[in-house]
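Heads up, the thing below is written out as C-alpha cells.
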Amino acid sequence: MKKTDRELGMLRQITRRDFIHGTSLAALGLMLPVGCGPSSKDSKVPSSSIGYPPTRTGMRGSHPGSFETAHALARDGVRFENPVDLDEEYDLVVVGAGISGLTAAYEYRKKFGPESRILILDNHDDFGGHARRNEFHQGGDMRLSWGGTMNLEYLSFTDPVLEFLAELGIDVRQLSKELDFHYGGDEPAIWFDADTFGSDVLVPGFSMYSRNLEVLDRIDQFPISESGRVALKQFYSSEANVLQGMSEREIEHVLRRTSYTDFLSRYAGLPDEVVDLFVKSTDGYWGVQPHSLSTTEALNAWLPGSHLLGDAADRAAGLQESETVAMFPDGNASIARLLVQSLIAGVAPGANAENIAVVRFDYDKLDRPGNSIRLRLESTAVHVVNESSRVAVTYVKDGLNKRVRGTHCVLACYHAIIPHLCPEIPEKQKEAARYQVKHPMLVTNVLLRSGKPFEKLGITGTYCPGRMHAKVWLIKGVNTAGYEGGRDVQGPVPVMFWGMVAPPRRDVPIHDQLRQSRQIMLEMTFEDYEREVRTVLDGMLSPAGFDAANDILAITVNRWPHGYAYGYLDLWDPEWEAGQAPHEIARQPVGNIVIANSDAAASAYTQAAIEEAFRAIDELS
Ligand SMILES: Cc1cc2nc3c(=O)[nH]c(=O)nc-3n(C[C@H](O)[C@H](O)[C@H](O)COP(=O)(O)OP(=O)(O)OC[C@H]3O[C@@H](n4cnc5c(N)ncnc54)[C@H](O)[C@@H]3O)c2cc1C
C-alpha cells in the first residue's frame with residue numbers, strides 16, 4: 001500500500017533546514033577558526049554554518065533568488081535602467097564564477113600582471129557554477145558530496161590543461177589512484193518501483209549496461225511479461241550480426257541515423273516493454289534520453305548492443321571508452337576553491353590541493369574593497385556594453401541596479417543569455433548563441449543516518465528505470481584531498497540521486513524537449529523532489545530495515561535547468577562546415593568583450609570550460 005506523506009517523513013523539518021537532531025547549528029554555538037582546515041574526523045560545525053553556502057540544504061543548484069533577475073530580462077524583456085555608477089574601476093570584469101570564469105581571471109592575472117584589478121560576478125550565493133560543493137554536518141562529522149560536476153576525465157586532457165591543474169597543485173593521476181568509487185558498478189542493481197511496475201522489486205547483481213552472461217537468470221526476477229524476459233535474455237546472449245550483409249556506408253548510416261531505442265526495436269527485435277527499460281539509461285551521463293541519441297552515441301555511453309554488430313562494433317567510433325577518472329570528494333568544486341584561494345588573499349589560508357576538501361572558506365573575504373581581485377555573489381549581470389575604450393557592466397544585487405566598468409570583460413556565462421545581456425552583438429551571433437540550449441540536469445544528495453541498508457542488500461547503487469532520478473549511488477570511497485569521511489557506511493553517508501526530468505514529449509525537436517524538461521524542473525517544488533527521494537528510498541531499502549521517516553537527515557536538491565553545454569547530436573544537427581558551427585559563431589569577441597565557458601566549445605566538460613577561458617584571454621590585448 002502506498003505510504004502517506006507522514007509515514008515517509010515529509011513533515012519532518014530536518015530536511016529543509018540545517019539542524020542537528022532538531023537543534024539549530026547556531027544554537028549549538030560550535031566554533032572553529034576560519035580556514036584552519038579541519039579533518040573530516042574531528043570537524044566541528046561552525047556557528048555560522050547556516051549562512052555558509054556549501055552547508056545549505058533544500059533547493060540548491062539553481063536556487064531561489066539566483067535566476068529570477070535573468071528570467072525577467074530574458075523572458076519578460078524587463079530593462080534594468082538608471083543603474084547607480086559605483087566608484088569601482090577594473091581591468092577585467094568577469095560574468096560567471098564557474099570553472100571557466102575563475103580560470104579566465106587566473107589567466108588574465110598571469111598575462112596582464114599580478115596588480116590586475118578584477119571583479120567576478122555570479123548570480124548564485126556560492127561560486128563554482130556547476131562545480132558545486134554539498135557539505136553535510138547533520139550526523140556529526142562532515143560528509144561531502146558533489147552538487148554538480150564530478151569527474152576529471154583526465155585521459156582526454158590536453159597538456160595545457162594538465163599544466164594548469166599542476167599549477168594549482170593537482171596531480172590528476174595520483175588523485176585517480178586514491179579513488180575507490182565506481183558509480184555503483186562494483187555492486188550493481190536494478191530497482192523496479194511499484195508505481196511503474198506494480199510491485200517494488202530489487203534485483204541485485206545485474207546491470208543493464210554490461211553483458212554478463214553469468215547473471216542472465218536474474219532477469220527472471222524482472223516484473224515484466226514472460227515474453228519480455230525471454231526477449232531480453234536473447235538480446236544479451238545472441239551472437240548474431242544484425243547488420244550482416246550491409247555495406248560499410250549502410251552500417252554507418254544505421255548507426256548514426258537510427259536512434260538507440262529504434263535500434264533495439266528494429267534490429268535487436270526487443271518489444272516496447274523491454275525497450276522502455278533502457279529509456280532512462282543515459283539520463284545522467286547525457287542529459288538526453290536514448291530515443292534522441294543515435295545508436296553510436298548510446299553505445300559510446302556504455303549501453304549494450306555492440307555484440308550484435310560483428311566487425312562493425314570496432315568501427316562504431318571509440319566504443320567503450322575508458323572510464324578512468326580522478327575525483328575530489330566535492331567534485332570539481334575543489335578546483336573552483338583552489339582557484340578562488342589563489343585569486344583572493346586570505347580567503348582560505350593554508351589551503352592547497354592536499355587539504356582543499358576539508359578547508360573552510362571565509363566568504364566575507366570574497367569581496368573586500370582593498371583586494372585587487374573581488375568575487376561578488378548574488379549579482380546578476382543584465383547589460384554589458386562597449387564604451388569607447390572600456391566595457392560597462394550593469395548588474396542587479398539586492399534589487400538594486402549597479403554599474404561598474406572594466407577595460408575588458410569576459411562573459412563566462414551561458415551562451416543563451418548573451419543576446420539579452422549584449423544587445424550590440426550581430427544578429428547572426430545572437431542566433432547562434434540561442435541555438436545552444438543546455439541540457440537540464442539533476443543531482444539530489446540525501447544524507448542517510450547510515451549506509452548499512454545498502455550493505456545488507458549487497459548493493460552500492462541502482463538503476464531505477466521507472467523513476468525521475470535514473471540512478472542512485474552510495475557516496476563512499478572518494479577519500480582524497482584531506483577528506484576521510486567516505487571510508488565506511490556505519491555512520492551518516494550521502495546517497496546521490498542522478499538524472500534529469502524526462503521531457504513530456506519525445507516527438508518534438510531536441511531543443512523543445514530540453515526546454516520542456518527545464519520548465520518542469522523549475523516548476524517542481526522542493527516537496528516534489530523530497531517526496532520522490534523518500535518514496536524511492538522507502539521502496540528500495542525498507543526490506544533492509546530503513547525507515548524513511550527517521551533515517552533521512554538532510555536533502556539537497558541541486559537542480560541545473562541550464563546544465564550540460566549543448567553538444568551536437570547525430571540525429572538532430574547537421575555537420576557544420578569548419579568555423580560555421582553555432583558555438584564557433586557565438587563565441588566571437590565583440591570589442592573588448594570576449595566569451596568563455598563550456599558552451600563556447602559545445603562540450604560539457606571541465607576541460608572545455610578551462611580551454612575556453614584560455615582562448616578568451618588569448619583574444620585580449
Ligand atoms: C550536473 C552536472 C554534472 C557534470 N558533471 C561533469 C563531470 O563529471 N565532468 C566534467 O568534466 N564536466 C561535467 N559537467 C559539465 C560542467 O558543466 C562543466 O564541466 C563546467 O563546470 C562548466 O563550467 P562553466 O564555467 O563553463 O559554466 P558554469 O559552471 O555554468 O558557470 C557559469 C556561471 O555563470 C553564471 N551566470 C550565468 N549568467 C549570469 C549572469 N547574467 N550574471 C552572473 N552570472 C551568470 C551561472 O549561473 C554560473 O554560475 C557537469 C555539469 C552538470 C550540470
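By order in the C-alpha cells, chains are A, B, ...; within a chain, residues start at 1; ligands start at 1, following the order shown.
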Set out as JSON lines a contact list for stretch 441-515 of chain A and stretch 341-354 of chain A with a cut-off of 12 Å, giving each residue of stretch 441-515 of chain A that qualifies its closest atom pair and distance in Å to one decimal, counting only C-alpha atoms, ordered by chain and rising residue number.
{"residue": "A:Asn479", "atom": "CA", "partner": "A:Glu354", "partner_atom": "CA", "distance": 11.0}
{"residue": "A:Thr480", "atom": "CA", "partner": "A:Glu354", "partner_atom": "CA", "distance": 7.7}
{"residue": "A:Ala481", "atom": "CA", "partner": "A:Glu354", "partner_atom": "CA", "distance": 4.4}
{"residue": "A:Gly482", "atom": "CA", "partner": "A:Glu354", "partner_atom": "CA", "distance": 5.8}
{"residue": "A:Tyr483", "atom": "CA", "partner": "A:Glu354", "partner_atom": "CA", "distance": 9.2}
#### Entry: Nearby polymer residues, ligand 1, at most 6 Å, only C-alpha atoms and all ligand atoms, as a ChimeraX atom specification
/A:95-101,121-123,129-131,148-152,379-382,412-414,441-443,560,563-564,597-598,604-606,609
#### Entry: For stretch 529-531 of chain A: contacts at 9 Å, only C-alpha atoms, fewer than 3 positions along chain excluded, given as a list in words
Asp5, Leu8, Gly9, Met10, Thr15, Gly58, Thr444, Met524, Thr525, Phe526, Arg534, Thr535, Val536, Ile555 and Val557 of chain A
Any chance you can output those residues with N, CA and C atoms as a compact mmCIF listing (two decimals), in the first residue's frame?
# COMPACT_ATOMS: atom_id res chain seq x y z
N ASP A 5 2.39 10.79 3.27
CA ASP A 5 3.49 11.74 3.46
C ASP A 5 4.04 11.65 4.87
N LEU A 8 6.27 8.71 5.26
CA LEU A 8 7.54 8.90 4.56
C LEU A 8 8.43 9.94 5.24
N GLY A 9 7.85 10.65 6.22
CA GLY A 9 8.64 11.65 6.95
C GLY A 9 8.62 13.02 6.29
N MET A 10 7.64 13.24 5.40
CA MET A 10 7.59 14.53 4.69
C MET A 10 7.38 15.71 5.62
N THR A 15 14.77 18.20 7.04
CA THR A 15 15.28 18.18 5.67
C THR A 15 15.39 19.56 5.05
N GLY A 58 18.13 21.81 1.09
CA GLY A 58 16.91 22.26 0.42
C GLY A 58 17.17 22.42 -1.07
N THR A 444 20.60 15.13 -6.75
CA THR A 444 19.98 15.28 -5.43
C THR A 444 20.76 14.44 -4.43
N MET A 524 8.72 22.41 -10.37
CA MET A 524 8.61 21.46 -9.25
C MET A 524 9.09 22.11 -7.96
N THR A 525 8.38 21.83 -6.87
CA THR A 525 8.78 22.39 -5.58
C THR A 525 9.77 21.44 -4.91
N PHE A 526 10.40 21.95 -3.85
CA PHE A 526 11.29 21.09 -3.09
C PHE A 526 10.54 19.86 -2.58
N ARG A 534 12.19 10.19 -1.00
CA ARG A 534 11.71 9.40 0.14
C ARG A 534 10.99 8.14 -0.36
N THR A 535 10.19 8.29 -1.41
CA THR A 535 9.46 7.14 -1.95
C THR A 535 10.45 6.09 -2.46
N VAL A 536 11.47 6.54 -3.17
CA VAL A 536 12.44 5.59 -3.73
C VAL A 536 13.21 4.90 -2.60
N ILE A 555 18.35 16.68 2.91
CA ILE A 555 18.17 16.53 1.45
C ILE A 555 18.61 17.83 0.78
N VAL A 557 18.71 19.34 -3.03
CA VAL A 557 18.37 19.16 -4.45
C VAL A 557 19.18 20.15 -5.26
### Query
Would you give me, as a PyMOL selection string, the residues in stretch 8-219 of chain A that DSSP reads as helix (DSSP H, G or I)?
chain A and resi 8+13-15+25-28+47-51+53-55+68-74+99-112+154-156+159-167+172-177+194-197+213-219
### Query
Hey, what's within 12 Å of A:Pro83 if we count only C-alpha atoms and toss same-chain stuff fewer than 6 positions away? As a PyMOL selection string, please?
chain A and resi 381-383+392-397+399-404
### Message
Using only C-alpha atoms, can you tell me which of A:His124, A:Arg75, A:Asp570, A:Thr282 comes closest to A:Arg256?
### Response
A:Asp570
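Proximity ranking of A:Ile251, A:Val508, A:Gly499, A:Ala608 relative to A:Tyr154 places A:Ala608 first, based on only C-alpha atoms.
Distance-wise, atom CA of A:Ile520 and atom CA of A:Val501 end up 7.3 Å apart.
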Taking 3 positions as the minimum chain separation for residues in the same chain, which residues sit within 9 Å of A:His415 when counting only C-alpha atoms? Answer as a compact mmCIF listing (two decimals) with N, CA, C and O atoms, in the first residue's frame.
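Output below, filename out_8.txt:
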# COMPACT_ATOMS: atom_id res chain seq x y z
N LEU A 411 32.67 37.18 -20.77
CA LEU A 411 31.36 36.59 -20.49
C LEU A 411 31.55 35.09 -20.35
O LEU A 411 31.68 34.37 -21.34
N ALA A 412 31.61 34.64 -19.10
CA ALA A 412 31.79 33.21 -18.83
C ALA A 412 30.46 32.63 -18.33
O ALA A 412 30.42 31.81 -17.42
N ILE A 418 23.51 35.57 -23.51
CA ILE A 418 24.35 36.65 -24.05
C ILE A 418 23.59 37.61 -24.98
O ILE A 418 23.76 38.83 -24.87
N PRO A 419 22.70 37.13 -25.86
CA PRO A 419 21.96 38.10 -26.68
C PRO A 419 21.16 39.10 -25.84
O PRO A 419 20.97 40.25 -26.26
N LYS A 430 23.85 36.32 -32.31
CA LYS A 430 22.78 36.09 -31.33
C LYS A 430 22.04 34.79 -31.64
O LYS A 430 21.75 33.99 -30.76
N ALA A 432 23.11 32.22 -33.22
CA ALA A 432 23.97 31.06 -32.91
C ALA A 432 23.97 30.79 -31.41
O ALA A 432 23.91 29.63 -30.97
N ALA A 433 24.03 31.84 -30.61
CA ALA A 433 24.05 31.67 -29.15
C ALA A 433 22.74 31.04 -28.67
O ALA A 433 22.73 30.18 -27.79
N ARG A 434 21.64 31.46 -29.27
CA ARG A 434 20.33 30.92 -28.86
C ARG A 434 20.19 29.44 -29.19
O ARG A 434 19.42 28.72 -28.58
N TYR A 435 20.93 28.99 -30.17
CA TYR A 435 20.85 27.59 -30.60
C TYR A 435 21.28 26.64 -29.49
O TYR A 435 20.85 25.51 -29.41
N GLN A 436 22.16 27.15 -28.63
CA GLN A 436 22.80 26.26 -27.64
C GLN A 436 21.97 26.15 -26.35
O GLN A 436 22.27 26.79 -25.34
N VAL A 437 20.93 25.34 -26.43
CA VAL A 437 20.07 25.11 -25.26
C VAL A 437 20.74 24.06 -24.37
O VAL A 437 21.02 22.94 -24.82
N HIS A 583 28.50 27.23 -31.97
CA HIS A 583 29.36 27.66 -30.87
C HIS A 583 30.53 28.50 -31.37
O HIS A 583 31.02 29.39 -30.66
N ALA A 586 29.05 31.92 -32.09
CA ALA A 586 28.58 32.60 -30.88
C ALA A 586 29.72 33.12 -30.01
O ALA A 586 29.52 34.04 -29.22
N ARG A 587 30.91 32.54 -30.13
CA ARG A 587 31.98 32.91 -29.19
C ARG A 587 32.90 34.02 -29.72
O ARG A 587 33.94 34.30 -29.12
N ILE A 595 34.36 35.89 -24.95
CA ILE A 595 33.38 34.92 -24.48
C ILE A 595 34.05 33.60 -24.12
O ILE A 595 34.76 33.00 -24.95
N ASN A 597 33.43 29.91 -21.41
CA ASN A 597 32.52 28.90 -20.82
C ASN A 597 32.35 27.71 -21.75
O ASN A 597 32.66 27.76 -22.94
N ASP A 599 29.94 26.30 -23.19
CA ASP A 599 29.12 26.44 -24.41
C ASP A 599 30.00 26.84 -25.60
O ASP A 599 29.71 26.49 -26.74
N ALA A 600 31.05 27.59 -25.31
CA ALA A 600 31.91 28.08 -26.39
C ALA A 600 32.67 26.94 -27.06
O ALA A 600 33.23 27.11 -28.15
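Residue neighbourhood of A:Val478, excluding near-sequence residues (fewer than 4 positions): Glu178, Leu179, Asp180, Phe181, Met327, Phe328, Pro329, Tyr483 and Gly486 of chain A, at 8 Å, using only C-alpha atoms.
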### Task
Please provide the set of residues having any atom within 10 Å of stretch 295-308 of chain A, restricted to only C-alpha atoms, with same-chain residues fewer than 3 positions apart removed, written as a ChimeraX atom specification.
/A:208-211,235-244,252,254-264,267-268,278,281-282,285-286,289-292,311-321,323,569-571
### Best match for closeness to A:Val472 among A:Phe80, A:Phe454, A:Phe127, A:Phe497, counting only C-alpha atoms
A:Phe497
